[in-house]
2 protein chains.
Amino acid sequence: MISGKNLIAGQWSAQGNETFVAVDPRMKAEGSVRFFNATDSEIDLAVRQAARAFKAMRPVTAAARAAFLESAADEIEKLGAELIETVDTETGLGRPRLEGERGRTTSQLRLFANLLRDGSFVEAIIDTAIPDRTPAPRPDIRRMLIPLGPVAVFGASNFPLAFSVGGGDTASAFAAGCPVIVKAHPGHPGTSELVARAILAAGEQHGYPPGFFSMVQGDTVRVGQTLVEHPQLEAVGFTGSLRGGRALFDTAARRPRPIPVFAEMGSLNPIVISPRALAVRGEDIAAGLVNSVTLGCGQFCTKPGLVFVVDDDASQTFIARVAELMDQRQPGVLLNEAVLARLSVDVERTYATGRVSEQTATDAVAPEGYSFPNTVFQTTAEQFIRDESLQDEHFGPVTMFVTCPTPDALFEAVESLHGNLTATVHSEPEESAFTSELFSRLREKAGRLIWNGFPTGVEVVYAMQHGGPYPATTAPQTTSVGLMAIKRFMRPVAFQDLPDALLPEALQDANPLNIWRVVDNQLTREPLHR
Amino acid sequence: MISGKNLIAGQWSAQGNETFVAVDPRMKAEGSVRFFNATDSEIDLAVRQAARAFKAMRPVTAAARAAFLESAADEIEKLGAELIETVDTETGLGRPRLEGERGRTTSQLRLFANLLRDGSFVEAIIDTAIPDRTPAPRPDIRRMLIPLGPVAVFGASNFPLAFSVGGGDTASAFAAGCPVIVKAHPGHPGTSELVARAILAAGEQHGYPPGFFSMVQGDTVRVGQTLVEHPQLEAVGFTGSLRGGRALFDTAARRPRPIPVFAEMGSLNPIVISPRALAVRGEDIAAGLVNSVTLGCGQFCTKPGLVFVVDDDASQTFIARVAELMDQRQPGVLLNEAVLARLSVDVERTYATGRVSEQTATDAVAPEGYSFPNTVFQTTAEQFIRDESLQDEHFGPVTMFVTCPTPDALFEAVESLHGNLTATVHSEPEESAFTSELFSRLREKAGRLIWNGFPTGVEVVYAMQHGGPYPATTAPQTTSVGLMAIKRFMRPVAFQDLPDALLPEALQDANPLNIWRVVDNQLTREPLHR
């Protein structure tokens with residue numbers, strides 16, 4: 001049923017002769033379908049057709065895009081058990097997690113539909129004319145957001161549904177009114193093909209032009225680079241490694257006409273645990289921490305990879321307890337061979353610094369699959385500050401404690417952190433001075449601050465900020481999760497003195513869309529009276 | 001009175017031995033003051049002190065920043081006649097224009113103050129907790145914008161006040177809560193020193209830490225590059241040439257930690273004139289066009305450098321009339337020798353394509369100063385489409401007509417345009433199909449669309465979009481004029497489950513700032529009841 005082909009503007013295509021297969025990571029077993037790397041000419045056709053489709057899509061209203069997104073969600077659900085079986089075989093992530101992730105994927109498509117129906121996301125701003133101003137009349141100026149154009153979306157290995165072919169980047173780009181070319185992740189190509197079918201079906205139901213969506217397969221760097229270099233591409237969404245994201249960022253920056261790359265990359269997601277919190281609820285925090293570190297076999301972008309504690313007997317007991325729980329936890333299966341290879345190298349490099357000690361005792365791994373022992377490291381604030389390489393991500397079930405001789409040393413260690421997606425503080429209400437001092441430092445280091453929780457589990461809500469200073473992302477001023485993600489794929493245009501009939505509906509006097517607008521500095525839904 | 005020194009975090013400093021002088025472009029006369037290029041260690045100190053000041057400035061409220069901006073406007077006004085005389089001598093732009101530009105500069109500082117007092121610019125979004133959600137409770141998530149950190153601002157040659165030391169980039173960065181390091185433009189160093197004094201005085205009045213503001217002088221590439229490479233810098237604002245902006249963009253993208261460069265660069269600002277508009281009000285359009293092309297000696301980023309017409313007798317008569325008016329207009333004085341040299345090279349290169357003819361007849365220039373003849377070129381749609389180099393900017397009193405055999409050929413020529421700051425259509429109300437078709441194409445090419453007006457004259461209002469696709473800017477999703485310019489220097493942070501007392505005021509339950517917030521998907525100023 002799965003063809004192994006690329007979807008190029010409505011046509012299934014396999015012009016090349018480079019192929020690859022999916023691998024079941026639990027058994028290291030190769031699948032039977034051969035997937036065709038997209039050729040340069042297939043990629044070129046996909047982007048050219050996207051640019052053509054973009055023009056044809058100009059008249060599609062936000063309400064019509066909302067209906068399309070809901071159909072896409074419906075079509076993904078209709079894939080039913082075949083989808084869950086395929087993705088489970090390709091990723092080893094397990095049915096319960098994958099059913100949850102499917103729910104998240106379809107619900108975020110529907111949330112964007114709600115945003116589109118509300119309509120105010122275009123940020124309409126109107127400054128009316130002042131004809132009798134001296135020395136010159138003031139013109140009428142109206143501004144709103146319009147879509148950027150063709151967007152490339154790179155699927156992530158670790159979220160085969162929610163951050164891949166029909167995931168958040170695709171949903172927000174479609175919501176903005178942009179065509180999308182997905183570069184599927186080679187770790188789950190069959191899953192990608194199934195979801196691509198669903199999106200294609202939804203597009204056909206709504207009369208979208210064929211180029212609105214393409215999906216290219218590829219297990220080489222060339223496929224992604226060729227896509228990002230295409231002159232008609234306007235933006236890139238990416239979720240993955242620092243190395244991969246930075247390479248695409250560099251490619252896009254070197255283009256004759258640079259384009260933005262919204263890359264969500266590595267993050268250590270530091271957690272600070274106060275002495276008081278350890279004393280009051282150490283056992284709960286230990287259990288929560290181990291759950292968070294091992295969730296999805298540690299392959300979450302928000303996995304806590306650094307834990308800061310003040311060094312004393314209680315924190316040493318706590319670290320030992322966490323190590324014990326990690327030893328007891330059944331080793332998981334990693335997504336693929338490349339993840340295991342990368343993790344092994346990164347852990348080896350950390351050992352080689354001579355600045356860490358290992359707290360976990362067992363080397364147990366899952367017997368047949370790609371697997372790595374659950375691992376807890378420990379280092380000191382002094383070593384941590386001295387050696388930036390201790391801030392390299394371990395993508396897998398690995399975390400590191402940083403013991404700090406005093407609270408001030410802890411503040412200093414936190415100050416040396418690089419950019420992160422999240423930063424968490426566990427403390428008690430009576431420690432508000434400590435907590436406040438920490439958050440005031442951590443807010444410069446992360447996109448989301450959490451109190452007394454864990455960073456894994458990223459809510460898809462309007463207020464979510466899933467981003468952060470480099471190297472967490474290449475675009476700290478944007479989010480890749482939540483409704484504000486749509487802004488990545490839009491840009492403002494101002495209209496000066498246009499007749500009402502030639503203005504987009506969002507800016508017309510009568511406010512036919514009934515949206516919120518800033519009119520002469522006041523937020524209002526009222527029509528203009530003039 | 002003018003010292004020639006750099007302002008480094010409150011101290012006037014001249015550690016280097018490279019110097020340069022200002023030049024009066026009307027007389028090619030060198031000034032007597034020697035200005036000191038900032039040394040690497042002066043630049044380093046400026047940025048390090050800015051990073052330190054940023055921490056000290058965290059508690060400064062938006063209302064306090066508003067008061068500071070108003071003081072900065074007051075202090076610039078207090079510079080009085082000395083400022084106008086200095087800038088006129090250094091730029092040759094003339095008193096009336098410079099008095100107008102000063103008014104614009106102080107009024108934009110005050111407009112940002114209003115925005116800060118309103119407070120809603122932080123984009124507060126709140127999603128309240130759902131404790132009984134299954135399978136897991138939903139946390140409380142609240143998001144707002146916070147300042148980025150130290151910002152470098154590059155002064156522009158052509159707007160010595162409104163886009164320079166105390167101009168729009170500086171005003172919006174200060175409004176956001178960022179410290180600023182200005183790289184003064186070497187064309188008007190004395191002006192820069194005076195305005196720096198005014199800003200310093202305002203900062204002192206409001207107890208700002210010394211590092212909140214520095215101003216470095218320099219007539220070498222090194223000064224700017226060293227500044228942009230500094231590891232503690234967070235963003236760059238720039239107004240100037242494509243070559244200069246792209247160089248800074250490339251430098252920033254190559255940093256170990258890339259930072260955004262908001263560069264506003266070259267633009268041709270195409271104008272399309274319909275046959276009907278030519279017939280009805282050709283003489284008015286000719287006069288308006290010549291005014292717009294020669295305003296400030298053609299050294300506006302929004303100068304119309306391309307005019308598309310349908311080729312017929314009427315348009316040939318029109319072109320001849322424009323050339324005649326350009327010949328009659330007294331030649332202006334350019335800003336400096338470098339502008340003249342660049343313009344001469346660029347015009348020579350355009351001649352050398354063999355694809356244009358010159359319509360103006362005189363080679364008259366201002367007798368003693370840096371001056372270039374008012375020049376009108378003509379080419380055809382076919383040549384324009386064939387040779388992209390005809391889209392290189394001529395920064396000076398030069399414009400080019402593109403004659404198109406048919407309206408369809410005109411649409412096709414417009415389709416081949418690169419990115420621009422503005423695009424203008426002159427047409428009559430009964431031509432709405434033609435106009436609508438044009439705007440639908442032009443909106444993909446520009447940041448601001450104008451009907452029956454001229455692009456020079458950029459209103460500083462909430463709705464202004466002064467930006468556009470590359471090469472007009474490196475950041476088409478932002479504006480460098482108008483109130484939304486503040487967003488360039490902020491980034492979102494989400495707070496998850498923080499106690500009310502630890503949240504910024506903008507996100508607290510009671511809404512003490514009385515700002516607009518999106519609470520559970522509804523825009524409201526109401527406090528939260530929980």
# chains A, B, ... in the order shown; residues from 1 in each chain; ligands from 1

$ interface_residues --of "chain B" --to "chain A" --cutoff "8 Å" --atoms "only C-alpha atoms" --output "PDB file with C-alpha atoms, in the first residue's frame"
ATOM      1  CA  ILE B 125      -1.585  36.113  26.461  1.00  0.00           C
ATOM      2  CA  ILE B 126      -2.942  33.966  29.269  1.00  0.00           C
ATOM      3  CA  ASP B 127      -4.286  30.414  29.161  1.00  0.00           C
ATOM      4  CA  ARG B 138      -3.484  21.588  32.047  1.00  0.00           C
ATOM      5  CA  ILE B 141       0.564  29.423  30.888  1.00  0.00           C
ATOM      6  CA  ARG B 142       1.143  33.147  30.424  1.00  0.00           C
ATOM      7  CA  ARG B 143       3.247  34.754  27.758  1.00  0.00           C
ATOM      8  CA  ASP B 250      26.682  37.977   6.842  1.00  0.00           C
ATOM      9  CA  ALA B 253      24.948  35.008  10.571  1.00  0.00           C
ATOM     10  CA  ARG B 254      28.496  33.634  10.804  1.00  0.00           C
ATOM     11  CA  ARG B 257      25.699  32.516  18.121  1.00  0.00           C
ATOM     12  CA  PRO B 258      23.920  34.249  15.223  1.00  0.00           C
ATOM     13  CA  SER B 432     -10.314  49.103 -10.706  1.00  0.00           C
ATOM     14  CA  SER B 436      -6.532  45.438  -8.413  1.00  0.00           C
ATOM     15  CA  ARG B 443       1.955  43.218  -2.603  1.00  0.00           C
ATOM     16  CA  ALA B 446       6.894  45.532  -1.355  1.00  0.00           C
ATOM     17  CA  GLY B 447       6.146  46.453   2.242  1.00  0.00           C
ATOM     18  CA  ARG B 448       3.885  49.418   1.460  1.00  0.00           C
ATOM     19  CA  LEU B 449       1.436  49.934  -1.397  1.00  0.00           C
ATOM     20  CA  ILE B 450       0.376  53.450  -2.341  1.00  0.00           C
ATOM     21  CA  TRP B 451      -2.433  54.608  -4.544  1.00  0.00           C
ATOM     22  CA  ASN B 452      -2.216  57.958  -6.302  1.00  0.00           C
ATOM     23  CA  GLY B 453       0.555  59.304  -4.140  1.00  0.00           C
ATOM     24  CA  GLU B 459       4.476  58.621   8.263  1.00  0.00           C
ATOM     25  CA  VAL B 461       2.184  55.989  12.736  1.00  0.00           C
ATOM     26  CA  TYR B 462       1.104  52.714  14.284  1.00  0.00           C
ATOM     27  CA  ALA B 463       0.146  51.220  10.926  1.00  0.00           C
ATOM     28  CA  MET B 464       3.322  52.167   9.051  1.00  0.00           C
ATOM     29  CA  GLN B 465       5.227  49.328   7.435  1.00  0.00           C
ATOM     30  CA  TYR B 470      15.047  41.390   0.202  1.00  0.00           C
ATOM     31  CA  PRO B 471      17.009  43.333  -1.000  1.00  0.00           C
ATOM     32  CA  THR B 474      17.108  41.585   5.523  1.00  0.00           C
ATOM     33  CA  PRO B 476      10.771  41.596   5.734  1.00  0.00           C
ATOM     34  CA  GLN B 477       8.707  40.496   8.731  1.00  0.00           C
ATOM     35  CA  THR B 478       9.545  43.689  10.618  1.00  0.00           C
ATOM     36  CA  MET B 490      11.674  41.918  22.009  1.00  0.00           C
ATOM     37  CA  ARG B 491      11.076  38.205  22.304  1.00  0.00           C
ATOM     38  CA  PRO B 492       8.345  36.160  23.930  1.00  0.00           C
ATOM     39  CA  VAL B 493       8.714  34.266  27.175  1.00  0.00           C
ATOM     40  CA  ALA B 494       6.078  31.947  28.651  1.00  0.00           C
ATOM     41  CA  PHE B 495       5.601  31.464  32.379  1.00  0.00           C
ATOM     42  CA  GLN B 496       4.110  28.150  33.487  1.00  0.00           C
ATOM     43  CA  ASP B 497       2.380  27.852  36.868  1.00  0.00           C
ATOM     44  CA  LEU B 498       4.236  30.770  38.449  1.00  0.00           C
ATOM     45  CA  LEU B 502       6.509  36.189  40.830  1.00  0.00           C
ATOM     46  CA  ASP B 520      -8.499  32.013  27.243  1.00  0.00           C
ATOM     47  CA  ASN B 521      -8.724  33.139  23.612  1.00  0.00           C
TER      48      ASN B 521
END

$ select_by_dssp --residues "range 118-342 of chain A" --states "helix (DSSP H, G or I)" --output "PyMOL selection string"
chain A and resi 118+120-122+168-176+189-205+210-212+221-229+242-254+275-298+313-328+337-342

$ select_by_dssp --residues "range 421-485 of chain B" --states "strand (DSSP E or B)" --output "ChimeraX atom specification"
/B:421-426,446-451,473

$ write_last_selection --atoms "N, CA and C atoms" --output "PDB file, in the first residue's frame"
ATOM      1  N   LEU B 421      10.785  48.579  -0.755  1.00  0.00           N
ATOM      2  CA  LEU B 421      10.098  49.151   0.403  1.00  0.00           C
ATOM      3  C   LEU B 421       8.665  49.521   0.052  1.00  0.00           C
ATOM      4  N   THR B 422       8.479  50.091  -1.134  1.00  0.00           N
ATOM      5  CA  THR B 422       7.163  50.579  -1.527  1.00  0.00           C
ATOM      6  C   THR B 422       6.888  50.235  -2.979  1.00  0.00           C
ATOM      7  N   ALA B 423       5.606  50.286  -3.330  1.00  0.00           N
ATOM      8  CA  ALA B 423       5.186  50.195  -4.732  1.00  0.00           C
ATOM      9  C   ALA B 423       3.929  51.044  -4.858  1.00  0.00           C
ATOM     10  N   THR B 424       3.871  51.818  -5.946  1.00  0.00           N
ATOM     11  CA  THR B 424       2.815  52.826  -6.100  1.00  0.00           C
ATOM     12  C   THR B 424       2.083  52.618  -7.413  1.00  0.00           C
ATOM     13  N   VAL B 425       0.788  52.821  -7.401  1.00  0.00           N
ATOM     14  CA  VAL B 425      -0.003  52.812  -8.633  1.00  0.00           C
ATOM     15  C   VAL B 425      -0.732  54.150  -8.756  1.00  0.00           C
ATOM     16  N   HIS B 426      -0.569  54.764  -9.896  1.00  0.00           N
ATOM     17  CA  HIS B 426      -1.414  55.909 -10.247  1.00  0.00           C
ATOM     18  C   HIS B 426      -2.431  55.423 -11.265  1.00  0.00           C
ATOM     19  N   ALA B 446       6.630  44.308  -2.116  1.00  0.00           N
ATOM     20  CA  ALA B 446       6.894  45.532  -1.355  1.00  0.00           C
ATOM     21  C   ALA B 446       6.255  45.464   0.026  1.00  0.00           C
ATOM     22  N   GLY B 447       6.704  46.356   0.895  1.00  0.00           N
ATOM     23  CA  GLY B 447       6.146  46.453   2.242  1.00  0.00           C
ATOM     24  C   GLY B 447       5.013  47.462   2.352  1.00  0.00           C
ATOM     25  N   ARG B 448       4.954  48.405   1.403  1.00  0.00           N
ATOM     26  CA  ARG B 448       3.885  49.418   1.460  1.00  0.00           C
ATOM     27  C   ARG B 448       3.388  49.694   0.058  1.00  0.00           C
ATOM     28  N   LEU B 449       2.076  49.673  -0.112  1.00  0.00           N
ATOM     29  CA  LEU B 449       1.436  49.934  -1.397  1.00  0.00           C
ATOM     30  C   LEU B 449       0.712  51.264  -1.327  1.00  0.00           C
ATOM     31  N   ILE B 450       0.908  52.084  -2.346  1.00  0.00           N
ATOM     32  CA  ILE B 450       0.376  53.450  -2.341  1.00  0.00           C
ATOM     33  C   ILE B 450      -0.470  53.657  -3.586  1.00  0.00           C
ATOM     34  N   TRP B 451      -1.591  54.279  -3.388  1.00  0.00           N
ATOM     35  CA  TRP B 451      -2.433  54.608  -4.544  1.00  0.00           C
ATOM     36  C   TRP B 451      -2.456  56.114  -4.729  1.00  0.00           C
ATOM     37  N   THR B 473      15.149  44.878   2.534  1.00  0.00           N
ATOM     38  CA  THR B 473      15.568  44.654   3.917  1.00  0.00           C
ATOM     39  C   THR B 473      16.069  43.225   4.059  1.00  0.00           C
TER      40      THR B 473
END

$ closest_residue --among "A:Met57, A:Val307, A:Ala510, A:Met326" --to "Phe212 in chain A" --atoms "only C-alpha atoms"
A:Met57

$ residues_around --residues "range 76-87 of chain A" --least-positions-apart "2" --cutoff "8 Å" --atoms "only C-alpha atoms" --output "MDAnalysis selection string"
chainID A and resid 72:74 89:92 95 98:99 102 106 160 188 190:191 194:195 198:199

$ residues_around --residues "Ala46 in chain A" --least-positions-apart "5" --cutoff "10 Å" --atoms "only C-alpha atoms" --output "number ranges by chain"
A: 6-11, 40-41, 51-52, 150, 180-182, 210-216, 227

$ atom_distance --atom1 "CA of Val414 in chain A" --atom2 "CA of Thr380 in chain A"
12.2 Å

$ residues_around --residues "Gln328 in chain B" --least-positions-apart "4" --cutoff "9 Å" --atoms "only C-alpha atoms" --output "list in words"
Ala323, Glu324 and Thr362 of chain B

$ residues_around --residues "Ala338 in chain A" --least-positions-apart "5" --cutoff "10 Å" --atoms "only C-alpha atoms" --output "PyMOL selection string"
chain A and resi 187+343-344+370

$ write_last_selection --atoms "N, CA and C atoms" --output "PDB file, in the first residue's frame"
ATOM      1  N   GLY A 187      13.570   8.663   9.063  1.00  0.00           N
ATOM      2  CA  GLY A 187      13.279   7.681  10.107  1.00  0.00           C
ATOM      3  C   GLY A 187      11.856   7.139  10.055  1.00  0.00           C
ATOM      4  N   LEU A 343      24.411   9.644  20.247  1.00  0.00           N
ATOM      5  CA  LEU A 343      24.377   9.673  21.714  1.00  0.00           C
ATOM      6  C   LEU A 343      25.641   9.031  22.281  1.00  0.00           C
ATOM      7  N   SER A 344      26.053   7.918  21.686  1.00  0.00           N
ATOM      8  CA  SER A 344      27.254   7.234  22.177  1.00  0.00           C
ATOM      9  C   SER A 344      28.471   8.146  22.066  1.00  0.00           C
ATOM     10  N   TYR A 370      17.882  -0.651  19.188  1.00  0.00           N
ATOM     11  CA  TYR A 370      18.826   0.434  19.422  1.00  0.00           C
ATOM     12  C   TYR A 370      18.541   0.997  20.801  1.00  0.00           C
TER      13      TYR A 370
END

$ atom_distance --atom1 "CA of Pro331 in chain A" --atom2 "CA of Ala364 in chain A"
6.7 Å

$ closest_residue --among "B:Phe384, B:Ala286, B:Ser371, B:Gln299" --to "Ala341 in chain B" --atoms "only C-alpha atoms"
B:Ser371

$ closest_residue --among "B:Arg48, B:Arg104, B:Lys183, B:His230" --to "Ser157 in chain B" --atoms "only C-alpha atoms"
B:Lys183

$ atom_distance --atom1 "CA of Gly288 in chain A" --atom2 "CA of Ser315 in chain A"
15.8 Å

$ closest_residue --among "B:Ala314, B:Ala22, B:Met27, B:Val365" --to "Asp219 in chain B" --atoms "only C-alpha atoms"
B:Ala22
